[in-house]
Structure formats: C-alpha cells, structure tokens
file run21.txt (compact mmCIF, C-alpha atoms)
# COMPACT_ATOMS: atom_id res chain seq x y z
CA MET G 1 101.36 137.01 81.50
CA TYR G 2 98.96 134.10 82.05
CA LEU G 3 100.36 131.78 84.75
CA GLU G 4 97.30 129.88 85.97
CA THR G 5 98.12 126.27 85.09
CA LYS G 6 97.17 122.75 86.08
CA TYR G 7 100.91 122.00 86.16
CA ALA G 8 101.50 124.43 89.05
CA GLU G 9 102.43 121.70 91.54
CA LYS G 10 105.02 120.17 89.20
CA ILE G 11 106.46 123.56 88.27
CA ILE G 12 106.79 124.59 91.92
CA SER G 13 108.56 121.33 92.72
CA LEU G 14 110.86 121.80 89.71
CA LEU G 15 111.78 125.37 90.70
CA GLU G 16 112.41 124.43 94.34
CA ASP G 17 114.65 121.55 93.22
CA ALA G 18 116.46 123.88 90.80
CA GLN G 19 117.26 126.29 93.64
CA ASP G 20 118.57 123.42 95.76
CA VAL G 21 121.05 122.37 93.05
CA GLY G 22 122.15 125.90 92.17
CA LEU G 23 120.10 126.69 89.03
CA PRO G 24 118.23 129.85 90.06
CA HIS G 25 117.90 131.58 86.66
CA VAL G 26 114.93 130.73 84.44
CA VAL G 27 114.12 131.53 80.83
CA PHE G 28 110.79 130.28 79.52
CA GLU G 29 108.55 130.59 76.51
CA LEU G 30 104.85 131.17 77.02
CA ARG G 31 103.01 130.52 73.82
CA PRO G 32 99.52 132.10 73.61
CA GLN G 33 98.15 128.97 71.94
CA ASP G 34 99.28 126.82 74.92
CA MET G 35 97.61 129.07 77.47
CA GLU G 36 99.28 127.08 80.26
CA LEU G 37 102.87 127.07 81.42
CA GLN G 38 104.31 123.55 81.51
CA PRO G 39 107.50 122.20 83.14
CA HIS G 40 109.20 121.39 79.83
CA GLN G 41 109.08 125.09 78.85
CA LEU G 42 111.45 126.10 81.65
CA ASN G 43 115.15 126.45 80.85
CA LEU G 44 117.31 126.57 83.99
CA PHE G 45 120.74 128.16 84.34
CA GLU G 46 123.41 128.44 87.00
CA LYS G 47 124.59 131.95 86.05
CA LEU G 48 122.66 135.06 85.05
CA GLY G 49 124.92 135.63 82.05
CA GLU G 50 124.08 132.18 80.65
CA ALA G 51 120.36 132.87 81.03
CA LEU G 52 120.60 136.26 79.32
CA ASP G 53 122.69 134.82 76.47
CA TYR G 54 119.96 132.20 75.90
CA LEU G 55 117.33 134.95 75.99
CA ASP G 56 119.24 137.07 73.42
CA SER G 57 119.60 134.03 71.17
CA ALA G 58 115.86 133.36 71.32
CA LEU G 59 115.06 136.99 70.57
CA GLY G 60 117.27 136.73 67.50
CA ASN G 61 115.05 133.86 66.31
CA ASN G 62 111.99 136.13 66.13
CA TYR G 63 111.05 135.54 69.76
CA LEU G 64 109.97 138.76 71.44
CA PRO G 65 109.62 139.71 75.10
CA GLY G 66 106.12 140.38 76.36
CA ASP G 67 102.83 139.49 74.75
CA ALA G 68 103.96 138.93 71.18
CA ASP G 69 103.46 135.92 68.95
CA HIS G 70 106.45 134.16 70.47
CA PRO G 71 106.85 135.71 73.95
CA ILE G 72 109.86 134.69 76.00
CA TYR G 73 110.72 135.75 79.55
CA TYR G 74 113.53 135.78 82.10
CA ARG G 75 112.78 135.33 85.80
CA HIS G 76 114.77 134.53 88.90
CA ALA G 77 113.36 131.30 90.42
CA ASP G 78 112.24 133.15 93.57
CA GLN G 79 110.20 135.64 91.57
CA LEU G 80 108.64 133.02 89.31
CA LEU G 81 107.71 130.90 92.34
CA GLU G 82 105.83 133.83 93.88
CA GLU G 83 104.04 134.56 90.60
CA ILE G 84 103.06 130.93 90.11
CA LYS G 85 101.78 130.65 93.68
CA HIS G 86 99.78 133.87 93.42
CA ALA G 87 98.17 132.74 90.17
CA ASN G 88 97.30 129.27 91.50
CA LEU G 89 96.04 129.82 95.06
CA LEU G 90 93.70 126.80 95.07
CA THR G 91 96.51 124.50 93.97
CA ILE G 92 98.86 125.98 96.57
CA ASN G 93 96.30 125.46 99.32
CA LYS G 94 95.96 121.85 98.20
CA ILE G 95 99.76 121.40 98.18
CA ASP G 96 100.02 122.88 101.68
CA MET G 97 97.27 120.59 102.97
CA ASN G 98 98.94 117.55 101.46
CA LEU G 99 102.32 118.55 102.87
CA ASN G 100 100.80 119.05 106.32
CA ASN G 101 99.15 115.63 106.10
CA LEU G 102 102.46 114.06 105.04
CA GLU G 103 104.44 115.80 107.79
CA ASN G 104 101.88 114.82 110.43
CA LEU G 105 101.99 111.17 109.37
CA LYS G 106 105.79 111.18 109.28
CA GLU G 107 105.82 112.53 112.83
CA GLU G 108 103.28 109.90 113.95
CA LEU G 109 105.34 107.04 112.53
CA LYS G 110 108.49 108.45 114.08
CA THR G 111 106.77 108.69 117.49
CA LEU G 112 105.59 105.09 117.17
CA ARG G 113 109.20 104.05 116.44
CA PHE G 114 108.73 102.79 112.90
CA LYS G 115 111.81 102.69 110.69
CA ASP G 116 113.01 105.52 108.45
CA LYS G 117 112.71 103.16 105.48
CA THR G 118 109.00 102.68 106.23
CA ILE G 119 108.46 106.45 106.53
CA SER G 120 110.19 106.97 103.17
CA GLU G 121 108.04 104.29 101.50
CA MET G 122 104.90 105.91 102.93
CA GLN G 123 105.90 109.25 101.42
CA GLN G 124 106.55 107.68 98.01
CA ASN G 125 103.10 106.07 97.96
CA MET G 126 101.40 109.30 99.04
CA GLU G 127 103.22 111.32 96.39
CA LYS G 128 102.13 108.82 93.74
CA GLY G 129 98.52 109.19 94.92
CA VAL G 130 98.06 105.48 95.74
CA SER G 131 94.60 105.46 97.37
CA GLU G 132 95.21 102.50 99.69
CA PHE G 133 98.44 100.70 100.54
CA THR G 134 100.24 98.62 103.18
CA LEU G 135 103.83 98.70 104.37
CA ASN G 136 105.80 95.98 106.14
CA GLU G 137 108.41 95.80 108.87
CA LYS G 138 109.93 92.87 110.72
CA ILE G 139 111.40 92.52 114.19
CA ALA G 140 113.40 89.52 115.40
CA GLY G 141 111.59 87.95 118.35
CA THR G 142 112.89 85.88 121.24
CA ARG G 143 111.64 82.89 119.31
CA GLY G 144 110.64 83.53 115.74
CA GLN G 145 109.92 86.69 113.80
CA VAL G 146 107.35 89.43 114.34
CA ASP G 147 105.90 90.78 111.09
CA ILE G 148 104.24 94.20 111.17
CA THR G 149 101.78 95.41 108.52
CA LEU G 150 100.82 99.10 108.48
CA HIS G 151 97.58 100.15 106.76
CA PHE G 152 97.14 103.51 104.99
CA LYS G 153 93.98 104.76 103.29
CA GLN G 154 93.04 107.93 101.46
CA SER G 155 89.79 109.72 102.29
CA GLY G 156 86.95 109.31 99.83
CA GLN G 157 86.17 113.03 100.09
CA SER G 158 89.71 114.47 99.83
CA GLU G 159 93.34 113.55 99.20
CA HIS G 160 93.95 113.27 102.96
CA TYR G 161 95.56 110.00 104.13
CA PHE G 162 94.85 108.16 107.38
CA PHE G 163 96.93 105.70 109.39
CA ASN G 164 94.60 104.14 111.93
CA LYS G 165 95.90 100.63 112.54
CA TYR G 166 98.68 98.12 112.12
CA GLU G 167 98.82 94.35 112.56
CA VAL G 168 101.50 92.21 114.16
CA ALA G 169 102.03 88.51 113.55
CA LEU G 170 104.36 86.29 115.56
CA ASN G 171 105.72 83.50 113.39
CA SER G 172 107.51 80.60 115.03
CA GLY G 173 110.89 79.42 113.83
CA LYS G 174 114.06 81.18 112.74
CA ALA G 175 113.83 84.92 112.10
CA LEU G 176 114.79 86.28 108.69
CA GLU G 177 118.33 87.69 108.53
CA GLU G 178 118.83 91.43 108.13
CA GLY G 179 118.94 92.40 104.45
CA HIS G 180 117.23 89.15 103.38
CA LYS G 181 113.74 88.66 101.99
CA TYR G 182 111.35 85.85 101.13
CA MET G 183 110.86 84.97 97.47
CA VAL G 184 108.33 82.91 95.57
CA ILE G 185 109.88 81.77 92.29
CA THR G 186 107.50 80.43 89.65
CA PRO G 187 108.27 79.69 85.98
CA ASN G 188 105.89 81.32 83.49
CA GLU G 189 104.62 79.94 80.19
CA ALA G 190 107.76 81.13 78.43
CA GLY G 191 109.90 79.16 80.85
CA LYS G 192 111.32 82.24 82.58
CA ASN G 193 111.24 82.50 86.35
CA MET G 194 108.89 85.08 87.86
CA VAL G 195 110.12 86.27 91.28
CA LYS G 196 107.86 87.96 93.83
CA SER G 197 109.50 89.25 97.02
CA PHE G 198 108.05 89.50 100.54
CA GLU G 199 109.19 90.73 103.94
CA ASN G 200 106.20 89.16 105.66
CA VAL G 201 106.62 85.38 105.97
CA ALA G 202 102.88 84.69 106.34
CA GLU G 203 102.18 86.57 103.09
CA ALA G 204 104.99 84.69 101.36
CA ILE G 205 103.66 81.29 102.50
CA SER G 206 100.09 82.20 101.53
CA PHE G 207 101.17 83.35 98.05
CA PHE G 208 103.30 80.23 97.57
CA LYS G 209 100.39 77.93 98.44
CA GLU G 210 98.21 79.69 95.87
CA GLN G 211 100.59 78.87 92.99
CA LYS G 212 99.77 76.33 90.30
CA GLY G 213 102.19 73.92 88.69
CA ASN G 214 105.77 74.21 89.95
CA SER G 215 107.02 76.82 92.40
CA GLU G 216 109.67 77.47 95.03
CA LEU G 217 109.63 79.39 98.30
CA ALA G 218 113.08 80.67 99.29
CA ALA G 219 114.87 83.27 101.40
CA GLY G 220 118.03 85.27 100.81
CA LYS G 221 119.47 88.55 99.57
CA ASP G 222 118.27 87.83 96.03
CA ALA G 223 117.26 84.96 93.76
CA ALA G 224 120.89 84.19 92.93
CA HIS G 225 121.80 83.83 96.62
CA ARG G 226 118.85 82.04 98.11
CA GLU G 227 118.11 79.22 100.51
CA LYS G 228 115.34 76.83 99.44
CA LEU G 229 112.57 76.61 102.05
CA ALA G 230 109.78 74.76 100.23
CA THR G 231 108.91 73.51 96.75
CA MET G 232 105.76 72.66 94.86
CA GLU G 233 105.43 70.24 91.94
CA ASN G 234 102.28 69.86 89.87
CA SER G 235 100.43 72.17 92.33
CA LYS G 236 101.32 70.02 95.36
CA VAL G 237 103.84 70.89 98.06
CA ASN G 238 106.46 68.15 97.91
CA TYR G 239 109.22 69.56 100.13
CA VAL G 240 109.57 71.76 103.23
CA ALA G 241 113.00 72.31 104.78
CA LYS G 242 113.26 70.76 108.25
CA GLU G 243 114.13 74.01 110.03
CA PHE G 244 111.22 75.77 108.25
CA GLN G 245 108.50 73.20 108.89
CA ARG G 246 107.29 74.75 112.14
CA THR G 247 106.97 78.18 110.54
CA PHE G 248 105.30 76.71 107.43
CA ARG G 249 102.68 74.67 109.28
CA THR G 250 102.00 76.72 112.43
CA PRO G 251 99.58 79.67 112.09
CA ALA G 252 100.96 83.01 113.22
CA VAL G 253 99.77 84.58 116.49
CA THR G 254 98.20 87.90 115.50
CA GLN G 255 96.87 91.14 116.99
CA THR G 256 95.64 94.43 115.51
CA PHE G 257 96.75 97.64 117.21
CA TYR G 258 94.81 100.85 116.65
CA VAL G 259 96.32 104.32 116.43
CA GLU G 260 94.55 107.57 117.25
CA LYS G 261 96.29 110.74 116.06
CA GLY G 262 99.68 109.16 116.53
CA ARG G 263 98.92 107.84 120.02
CA GLY G 264 99.21 104.11 120.58
CA PHE G 265 101.63 101.27 121.23
CA THR G 266 105.02 101.65 119.55
CA ALA G 267 106.21 99.02 117.08
CA GLU G 268 108.62 97.71 119.71
CA GLN G 269 105.90 97.50 122.37
CA ALA G 270 103.52 95.70 120.00
CA ALA G 271 106.22 93.15 119.09
CA ASN G 272 106.79 92.42 122.78
CA LEU G 273 103.08 92.24 123.60
CA ILE G 274 102.48 89.59 120.93
CA GLN G 275 105.31 87.56 122.53
CA GLY G 276 103.42 87.55 125.83
CA ARG G 277 105.32 90.28 127.66
CA SER G 278 104.08 93.39 129.46
CA VAL G 279 104.65 97.03 128.48
CA TYR G 280 104.16 100.30 130.33
CA ARG G 281 102.02 103.18 129.02
CA ASN G 282 101.80 106.58 130.70
CA ASP G 283 99.39 108.07 128.15
CA LEU G 284 96.32 105.83 128.43
CA MET G 285 92.84 107.32 128.68
CA ASN G 286 89.60 105.82 130.01
CA VAL G 287 86.13 106.18 128.46
CA ALA G 288 85.54 109.35 130.46
CA GLY G 289 88.65 110.93 128.92
CA ILE G 290 90.64 110.76 132.15
CA PRO G 291 94.35 109.90 131.61
CA TYR G 292 96.03 107.11 133.56
CA LYS G 293 99.17 104.95 133.66
CA ALA G 294 99.34 101.17 133.58
CA TRP G 295 101.28 98.09 132.62
CA VAL G 296 99.48 96.23 129.81
CA LYS G 297 99.59 92.55 128.81
CA LEU G 298 97.61 90.63 126.20
CA ASP G 299 95.27 88.11 127.80
CA MET G 300 96.28 85.04 125.80
CA ASP G 301 94.70 82.66 128.32
CA HIS G 302 91.23 83.43 127.00
CA PRO G 303 89.66 83.38 123.50
CA LYS G 304 89.89 86.38 121.21
CA ASP G 305 87.02 88.86 120.87
CA ARG G 306 84.71 89.09 117.86
CA ASN G 307 87.30 91.20 116.02
CA GLN G 308 89.86 88.41 116.49
CA ASN G 309 91.91 90.37 118.99
CA TYR G 310 93.06 89.41 122.47
CA LEU G 311 91.67 91.46 125.34
CA THR G 312 94.20 93.07 127.66
CA ASN G 313 95.03 92.79 131.34
CA GLN G 314 96.02 96.09 132.94
CA TYR G 315 97.95 96.70 136.14
CA HIS G 316 97.38 100.34 137.06
CA ASP G 317 100.18 102.53 138.33
CA PRO G 318 100.43 103.22 141.24
CA SER G 319 97.29 101.53 142.59
CA TYR G 320 98.34 97.97 141.63
CA GLY G 321 101.51 98.35 143.68
CA PHE G 322 104.25 97.39 141.22
CA ASN G 323 107.16 99.83 141.34
CA LEU G 324 109.76 98.75 138.79
CA GLU G 325 112.58 100.92 140.10
CA LYS G 326 112.19 99.73 143.71
CA THR G 327 111.96 96.11 142.52
CA LEU G 328 115.21 96.43 140.58
CA GLU G 329 116.96 97.91 143.63
CA LYS G 330 116.50 94.58 145.43
CA PHE G 331 118.87 92.85 142.99
CA GLN G 332 122.58 92.94 142.33
CA ILE G 333 122.55 94.80 139.03
CA ARG G 334 125.69 96.67 138.01
CA GLU G 335 123.85 98.97 135.58
CA LEU G 336 121.92 100.56 138.46
CA ASP G 337 125.14 102.20 139.67
CA ASN G 338 125.27 104.33 136.52
CA PRO G 339 122.36 106.86 136.28
CA ALA G 340 122.36 106.87 132.46
CA LYS G 341 122.45 103.06 132.21
CA LYS G 342 119.79 102.78 134.91
CA GLU G 343 117.44 105.06 132.99
CA GLN G 344 118.12 103.12 129.80
CA LEU G 345 117.41 99.81 131.56
CA ILE G 346 114.09 101.02 132.99
CA GLU G 347 112.98 102.43 129.64
CA SER G 348 113.81 99.16 127.89
CA LEU G 349 111.90 97.09 130.47
CA GLN G 350 108.90 99.42 130.18
CA SER G 351 108.89 98.77 126.43
CA GLY G 352 108.61 95.04 127.14
CA ASN G 353 112.16 94.12 126.17
CA ARG G 354 114.48 91.61 127.80
CA PRO G 355 117.63 93.74 128.12
CA MET G 356 120.93 92.27 129.25
CA ILE G 357 122.29 93.12 132.70
CA THR G 358 125.48 92.42 134.62
CA THR G 359 124.94 90.62 137.93
CA VAL G 360 126.70 88.17 140.25
CA LYS G 361 126.16 84.41 140.48
CA GLN G 362 128.10 82.27 142.96
CA GLY G 363 130.63 85.05 143.40
CA GLU G 364 131.27 85.54 139.68
CA GLU G 365 130.09 88.34 137.43
CA VAL G 366 127.67 87.06 134.77
CA LYS G 367 125.41 88.41 132.05
CA MET G 368 121.67 87.78 132.34
CA LEU G 369 118.51 88.81 130.52
CA ILE G 370 115.83 90.47 132.63
CA GLU G 371 112.08 90.96 132.09
CA ALA G 372 109.45 92.92 134.01
CA VAL G 373 106.52 90.84 135.34
CA PRO G 374 104.05 93.38 136.78
CA ARG G 375 101.35 90.76 137.42
CA TYR G 376 103.50 89.32 140.21
CA SER G 377 105.20 92.65 141.04
CA GLN G 378 108.49 91.00 140.11
CA VAL G 379 111.14 90.55 137.46
CA ASN G 380 112.29 87.32 135.83
CA LEU G 381 115.87 86.52 134.86
CA TYR G 382 117.14 84.31 132.05
CA GLN G 383 120.40 83.00 130.72
CA GLU G 384 121.49 84.33 127.35
CA ASN G 385 120.03 81.21 125.70
CA GLY G 386 116.63 81.99 127.24
CA LYS G 387 116.72 79.38 130.02
CA PRO G 388 115.02 80.79 133.16
CA GLU G 389 116.92 81.26 136.43
CA LYS G 390 115.67 81.48 140.03
CA ARG G 391 115.61 85.16 140.80
CA GLU G 392 116.42 84.80 144.55
CA GLN G 393 120.06 83.98 143.86
CA PHE G 394 120.56 87.45 142.39
CA LEU G 395 119.09 89.37 145.33
CA LYS G 396 121.31 91.49 147.52
CA GLU G 397 122.75 89.36 150.35
CA GLN G 398 120.54 90.64 153.18
CA LEU G 399 117.40 90.15 151.11
CA GLN G 400 118.57 86.66 150.10
CA GLU G 401 118.71 85.59 153.73
CA GLN G 402 115.27 87.04 154.48
CA THR G 403 113.76 85.36 151.41
CA LEU G 404 115.23 81.97 152.36
CA GLN G 405 113.75 82.22 155.85
CA ILE G 406 110.34 83.25 154.54
CA GLY G 407 110.41 80.52 151.89
CA LYS G 408 110.95 77.64 154.29
CA GLY G 409 107.95 75.38 154.54
CA LYS G 410 105.99 77.10 151.76
CA GLY G 411 104.16 74.88 149.29
CA LYS G 412 105.14 74.22 145.73
CA GLU G 413 102.06 76.10 144.52
CA LYS G 414 103.78 79.33 145.60
CA GLU G 415 106.87 78.79 143.45
CA GLN G 416 105.93 81.31 140.74
CA GLU G 417 105.22 84.02 143.30
CA GLN G 418 108.45 83.31 145.18
CA GLY G 419 110.64 83.32 142.11
CA VAL G 420 110.63 80.08 140.12
CA HIS G 421 109.74 80.98 136.55
CA ILE G 422 107.64 78.34 134.85

call {"tool": "encode", "arguments": {"input": "run21.txt", "output": "structure tokens"}}
result
Amino acid sequence: MYLETKYAEKIISLLEDAQDVGLPHVVFELRPQDMELQPHQLNLFEKLGEALDYLDSALGNNYLPGDADHPIYYRHADQLLEEIKHANLLTINKIDMNLNNLENLKEELKTLRFKDKTISEMQQNMEKGVSEFTLNEKIAGTRGQVDITLHFKQSGQSEHYFFNKYEVALNSGKALEEGHKYMVITPNEAGKNMVKSFENVAEAISFFKEQKGNSELAAGKDAAHREKLATMENSKVNYVAKEFQRTFRTPAVTQTFYVEKGRGFTAEQAANLIQGRSVYRNDLMNVAGIPYKAWVKLDMDHPKDRNQNYLTNQYHDPSYGFNLEKTLEKFQIRELDNPAKKEQLIESLQSGNRPMITTVKQGEEVKMLIEAVPRYSQVNLYQENGKPEKREQFLKEQLQEQTLQIGKGKGKEKEQEQGVHI
C-alpha cells in the first residue's frame, strides 16, 4: 500500500481529531491512479461494526481489498497514523519542528504575561503560514491607554517563526473600555459603509486621517453601538469629540522592548515603564554575560537614542542600597501583617504597579495607592484619584517623630527626598 503523500500533515491532523471525538475506525479507498492518499478518502466511524458494514458494502460494489483495481482498506486510527508517519518521515520531522517552535513561542508569551487571546491568535497565524504578522494588546494606564504591538516573522530559510520585539505606546486620554474597539467607518462607491476595526488607537487615528471623502472614527462594541469620536467631510477633519481631542492631537509616547529567547520585560512591566515608573528585574545580564539584579526606569529626561528609544537608568541591587521590604516596614500597612498579601504587594510593586494598600490617616483606616521609587530609596503614596500624599504621615509613630525632628530647618530643595511628591 502506497502511503507517501503530500497530504500527510492534514491526514494526521484529521486522524488525531477523529480519535478525540470518538471516531477511531477508518475505511478508505486508495485508487492506484491517485497514487496519494487524500483526506477526503477517509471514512470515519464510531463503532467497528459500522466500519465493517461500510467495507462489506463497498466490496459488493466491485471494490476489492488489497492491490486490485478498486482497493479498499480498514484500519484503526492508531495503526493508520503509525503507517502514515512511517511513510512520510520528512513531513513528520517538519511537523515536529513546527510544533516545537509553536510550543516554545507559546511558553515565551506566557512567561512575558501576554494574554491567552494573543497566544491563540499567534497560533492561528502560524498555522495559516502567514510569513509576517503583528498582534495587539491594550492595558489601561493610570492616565490613558497603553497599546502593545507584538511582531512575529518567519525565517527566510525555514518555516521557523521568531518573536524578537514588541512596541508599547502610551496614549493620553480615556482608555478604551473592555470589550470595545475602535472603528473607522467609510462609505464606498456603492454607498455601503466599510468598517475597519482596531485595538490600537494610534493605528486607528492614522488610518482615519488617510481616508478620502467622508469618514468617521468611533469606538464601541460594534458599529451599531458606537460612540462618535471624530468625523471627516470632503477629506478634511471637521469634528473631534471634546474628551478625545487630547488623544487625537497628542503623539503617543513609545518604546520598543526586545526579547531574547523569551527573556525580557513582561507586558505589565513595559506598560508601567512607559508611564514613567520603575520595575525590578532579577534576570539581567551585562555584556560579559554576568547576571545581576536591578531596578530599571526609562530615562525620559533626555532625548531618545538613534533607534528612537529611551535609555534606561538602573539602580543595582543590593549595591544601590534600596531594599523594598525594609522600606515598606517603616509604614503602617495592614497588608504586611499577612504573609501572602505581603508577598503579593512586593511582587506588584516590583512589576511597577501602583497597588492599593490599607493604612491609617489621622486615626482612621484609609485606602491608598503606593508606588516604589528606587531612585530615592523610597515609596510614594497617592489617593485613589491619583493625588499625591506626604508619605511621612503614614510612617509608624516612632519613625514619624524622628522624621519631624530631622526635617526641622531643612530647605525646600530637600522636599522630594524627605517625602513631598512633586
């Protein structure tokens, strides 16, 4: 029986799926003039009796088992899978390589904390053989929305895919609601509306500005339930919603993050870095290949480099002297009394987040947001609306008294170092 076929990959997938859904019995015709087994020739059955009845019926129609003019065969799916794989070793090796590549990339994206939806979309593009593609995610920022664009590219020498970088863009203004998307709605020559959807606001604005004639930029669950953000008439923008004007007219703050074999900043860390916060990495490596730990912050006070990226400031651990856990212990923070909540709080701060804590202000329990500031070996505290608070008032009582004594007579230029967030 001749089973070498260019359809081996599809047949293997079909047989594996058939086993999963409880159709393990296969009857197939293998015509000599075809010379290759194809998926449509496989007839799948739940029960052996059904398969043998089909085989008997075919034999009664002048089909014969073996190498006759109209050969027809019965196989259990397991047996046929082995025969197909043995007859198509090169194809199987290619399938295994592709599966390994897919699994490795799925693990990398999971490690970097990208969403399951993004991982699924990556797999779909790889299975379709798309040579180069991008995927998008969004994260609500403290002020505005962080858009993330992941770049995937297939090797020119093989079917192997690479994920080496992703870009983040901080857009000012109101973040897009969960489950909503941006839409550019443009009537075509037939008078019907053409709708193109975006998750990335910068891409949506750019596409909208490129339109000719009349067009609309909107946001919502779908075109029927949308909020108008901007309109264009006769190729000129004639309306931008008041609450969207800042987003529409202010360029996004951007940064490209590079990934090496799944090692790099997580999506969450990158979103916080572009918002000006610091994150902690314990897997950094210098040019000599020596590992080290450090807090990292984008240097937004200086121009970007020639690749249009901000350089970074690093505060090495432990040589710089910032110990987050010891710093937190100076404050009245209820979560520190619970080991699990304490660990969760430290991990969140190391990722650059502003987690909420329970503390005491003027004798009353209050909720505050807290942020690590390694540059000053301190933490900053904020009200839930983002308004900064003086950190000294949340110190433990003994430390409060010491800080007040030390602070007397000090100049205003020391306010940031002593706790006034500016």

call {"tool": "residues_near_point", "arguments": {"input": "run21.txt", "point": "(101.1, 93.1, 138.4)", "cutoff": "10 Å", "atoms": "all atoms listed in the file", "output": "PDB file with C-alpha atoms, in the frame of the given file"}}
result
ATOM      1  CA  SER G 278     104.080  93.390 129.460  1.00  0.00           C
ATOM      2  CA  ALA G 294      99.340 101.170 133.580  1.00  0.00           C
ATOM      3  CA  TRP G 295     101.280  98.090 132.620  1.00  0.00           C
ATOM      4  CA  VAL G 296      99.480  96.230 129.810  1.00  0.00           C
ATOM      5  CA  LYS G 297      99.590  92.550 128.810  1.00  0.00           C
ATOM      6  CA  ASN G 313      95.030  92.790 131.340  1.00  0.00           C
ATOM      7  CA  GLN G 314      96.020  96.090 132.940  1.00  0.00           C
ATOM      8  CA  TYR G 315      97.950  96.700 136.140  1.00  0.00           C
ATOM      9  CA  HIS G 316      97.380 100.340 137.060  1.00  0.00           C
ATOM     10  CA  ASP G 317     100.180 102.530 138.330  1.00  0.00           C
ATOM     11  CA  TYR G 320      98.340  97.970 141.630  1.00  0.00           C
ATOM     12  CA  GLY G 321     101.510  98.350 143.680  1.00  0.00           C
ATOM     13  CA  PHE G 322     104.250  97.390 141.220  1.00  0.00           C
ATOM     14  CA  ASN G 323     107.160  99.830 141.340  1.00  0.00           C
ATOM     15  CA  ALA G 372     109.450  92.920 134.010  1.00  0.00           C
ATOM     16  CA  VAL G 373     106.520  90.840 135.340  1.00  0.00           C
ATOM     17  CA  PRO G 374     104.050  93.380 136.780  1.00  0.00           C
ATOM     18  CA  ARG G 375     101.350  90.760 137.420  1.00  0.00           C
ATOM     19  CA  TYR G 376     103.500  89.320 140.210  1.00  0.00           C
ATOM     20  CA  SER G 377     105.200  92.650 141.040  1.00  0.00           C
ATOM     21  CA  GLN G 378     108.490  91.000 140.110  1.00  0.00           C
TER      22      GLN G 378
END

call {"tool": "residues_near_point", "arguments": {"input": "run21.txt", "point": "(104.6, 98.0, 121.7)", "cutoff": "7 Å", "atoms": "only C-alpha atoms", "output": "ChimeraX atom specification"}}
result
/G:265-273,279,351

call {"tool": "residues_around", "arguments": {"input": "run21.txt", "residues": "G:Asn193", "least_positions_apart": "3", "cutoff": "12 Å", "atoms": "only C-alpha atoms", "output": "PyMOL selection string"}}
result
chain G and resi 183-190+196+214-216+223-224

call {"tool": "closest_residue", "arguments": {"input": "run21.txt", "among": "G:His225, G:Lys10, G:Arg143, G:Lys242", "to": "G:Glu127", "atoms": "all atoms listed in the file"}}
result
G:Lys10

call {"tool": "closest_residue", "arguments": {"input": "run21.txt", "among": "G:Phe163, G:Phe198, G:Tyr239, G:Phe244", "to": "G:Gly144", "atoms": "only C-alpha atoms"}}
result
G:Phe244

call {"tool": "atom_distance", "arguments": {"input": "run21.txt", "atom1": "atom CA of G:Arg354", "atom2": "atom CA of G:Ala252"}}
result
21.7 Å

call {"tool": "atom_distance", "arguments": {"input": "run21.txt", "atom1": "atom CA of G:Leu81", "atom2": "atom CA of G:Leu15"}}
result
7.1 Å

call {"tool": "atom_distance", "arguments": {"input": "run21.txt", "atom1": "atom CA of G:Thr254", "atom2": "atom CA of G:Leu102"}}
result
28.5 Å

call {"tool": "closest_residue", "arguments": {"input": "run21.txt", "among": "G:Asp305, G:Glu29, G:Glu132, G:Glu36", "to": "G:Ala8", "atoms": "only C-alpha atoms"}}
result
G:Glu36

call {"tool": "residues_around", "arguments": {"input": "run21.txt", "residues": "G:Asp283", "least_positions_apart": "4", "cutoff": "7 Å", "atoms": "all atoms listed in the file", "output": "PyMOL selection string"}}
result
chain G and resi 291-293

call {"tool": "residues_around", "arguments": {"input": "run21.txt", "residues": "G:Gln308", "least_positions_apart": "4", "cutoff": "10 Å", "atoms": "all atoms listed in the file", "output": "list in words"}}
result
Thr254, Gln255, Thr256, Pro303 and Lys304 of chain G

call {"tool": "write_last_selection", "arguments": {"input": "run21.txt", "atoms": "C-alpha atoms", "output": "compact mmCIF listing (two decimals), keeping the file's coordinate frame"}}
result
# COMPACT_ATOMS: atom_id res chain seq x y z
CA THR G 254 98.20 87.90 115.50
CA GLN G 255 96.87 91.14 116.99
CA THR G 256 95.64 94.43 115.51
CA PRO G 303 89.66 83.38 123.50
CA LYS G 304 89.89 86.38 121.21

call {"tool": "residues_around", "arguments": {"input": "run21.txt", "residues": "G:Asn234", "least_positions_apart": "2", "cutoff": "9 Å", "atoms": "only C-alpha atoms", "output": "list of chain:residue names"}}
result
G:Lys212, G:Gly213, G:Asn214, G:Ser215, G:Met232, G:Lys236, G:Val237

call {"tool": "write_last_selection", "arguments": {"input": "run21.txt", "atoms": "C-alpha atoms", "output": "PDB file, in the frame of the given file"}}
result
ATOM      1  CA  LYS G 212      99.770  76.330  90.300  1.00  0.00           C
ATOM      2  CA  GLY G 213     102.190  73.920  88.690  1.00  0.00           C
ATOM      3  CA  ASN G 214     105.770  74.210  89.950  1.00  0.00           C
ATOM      4  CA  SER G 215     107.020  76.820  92.400  1.00  0.00           C
ATOM      5  CA  MET G 232     105.760  72.660  94.860  1.00  0.00           C
ATOM      6  CA  LYS G 236     101.320  70.020  95.360  1.00  0.00           C
ATOM      7  CA  VAL G 237     103.840  70.890  98.060  1.00  0.00           C
TER       8      VAL G 237
END

call {"tool": "closest_residue", "arguments": {"input": "run21.txt", "among": "G:Thr250, G:Gln124, G:Ser197, G:Asn282", "to": "G:Asn171", "atoms": "all atoms listed in the file"}}
result
G:Thr250

call {"tool": "residues_around", "arguments": {"input": "run21.txt", "residues": "G:Ala77", "least_positions_apart": "6", "cutoff": "10 Å", "atoms": "only C-alpha atoms", "output": "list in words"}}
result
Ile12, Leu14, Leu15, Glu16, Ala18, Gln19, Leu23, Pro24, His25, Val26, Val27, Leu44 and Glu83 of chain G

call {"tool": "closest_atom_pairs", "arguments": {"input": "run21.txt", "of": "stretch 236-259 of chain G", "to": "stretch 105-116 of chain G", "cutoff": "12 Å", "atoms": "all atoms listed in the file", "output": "Markdown table"}}
result
| residue | atom | partner | partner_atom | distance |
| --- | --- | --- | --- | --- |
| G:Phe257 | CA | G:Leu112 | CA | 11.6 |
| G:Tyr258 | CA | G:Leu112 | CA | 11.6 |
| G:Val259 | CA | G:Glu108 | CA | 9.3 |

call {"tool": "axis_aligned_box", "arguments": {"input": "run21.txt", "around": "stretch 179-195 of chain G", "padding_each_side": "4 Å", "output": "lines of an AutoDock Vina configuration file"}}
result
center_x = 111.8
center_y = 85.8
center_z = 91.4
size_x = 22.3
size_y = 21.2
size_z = 34.0
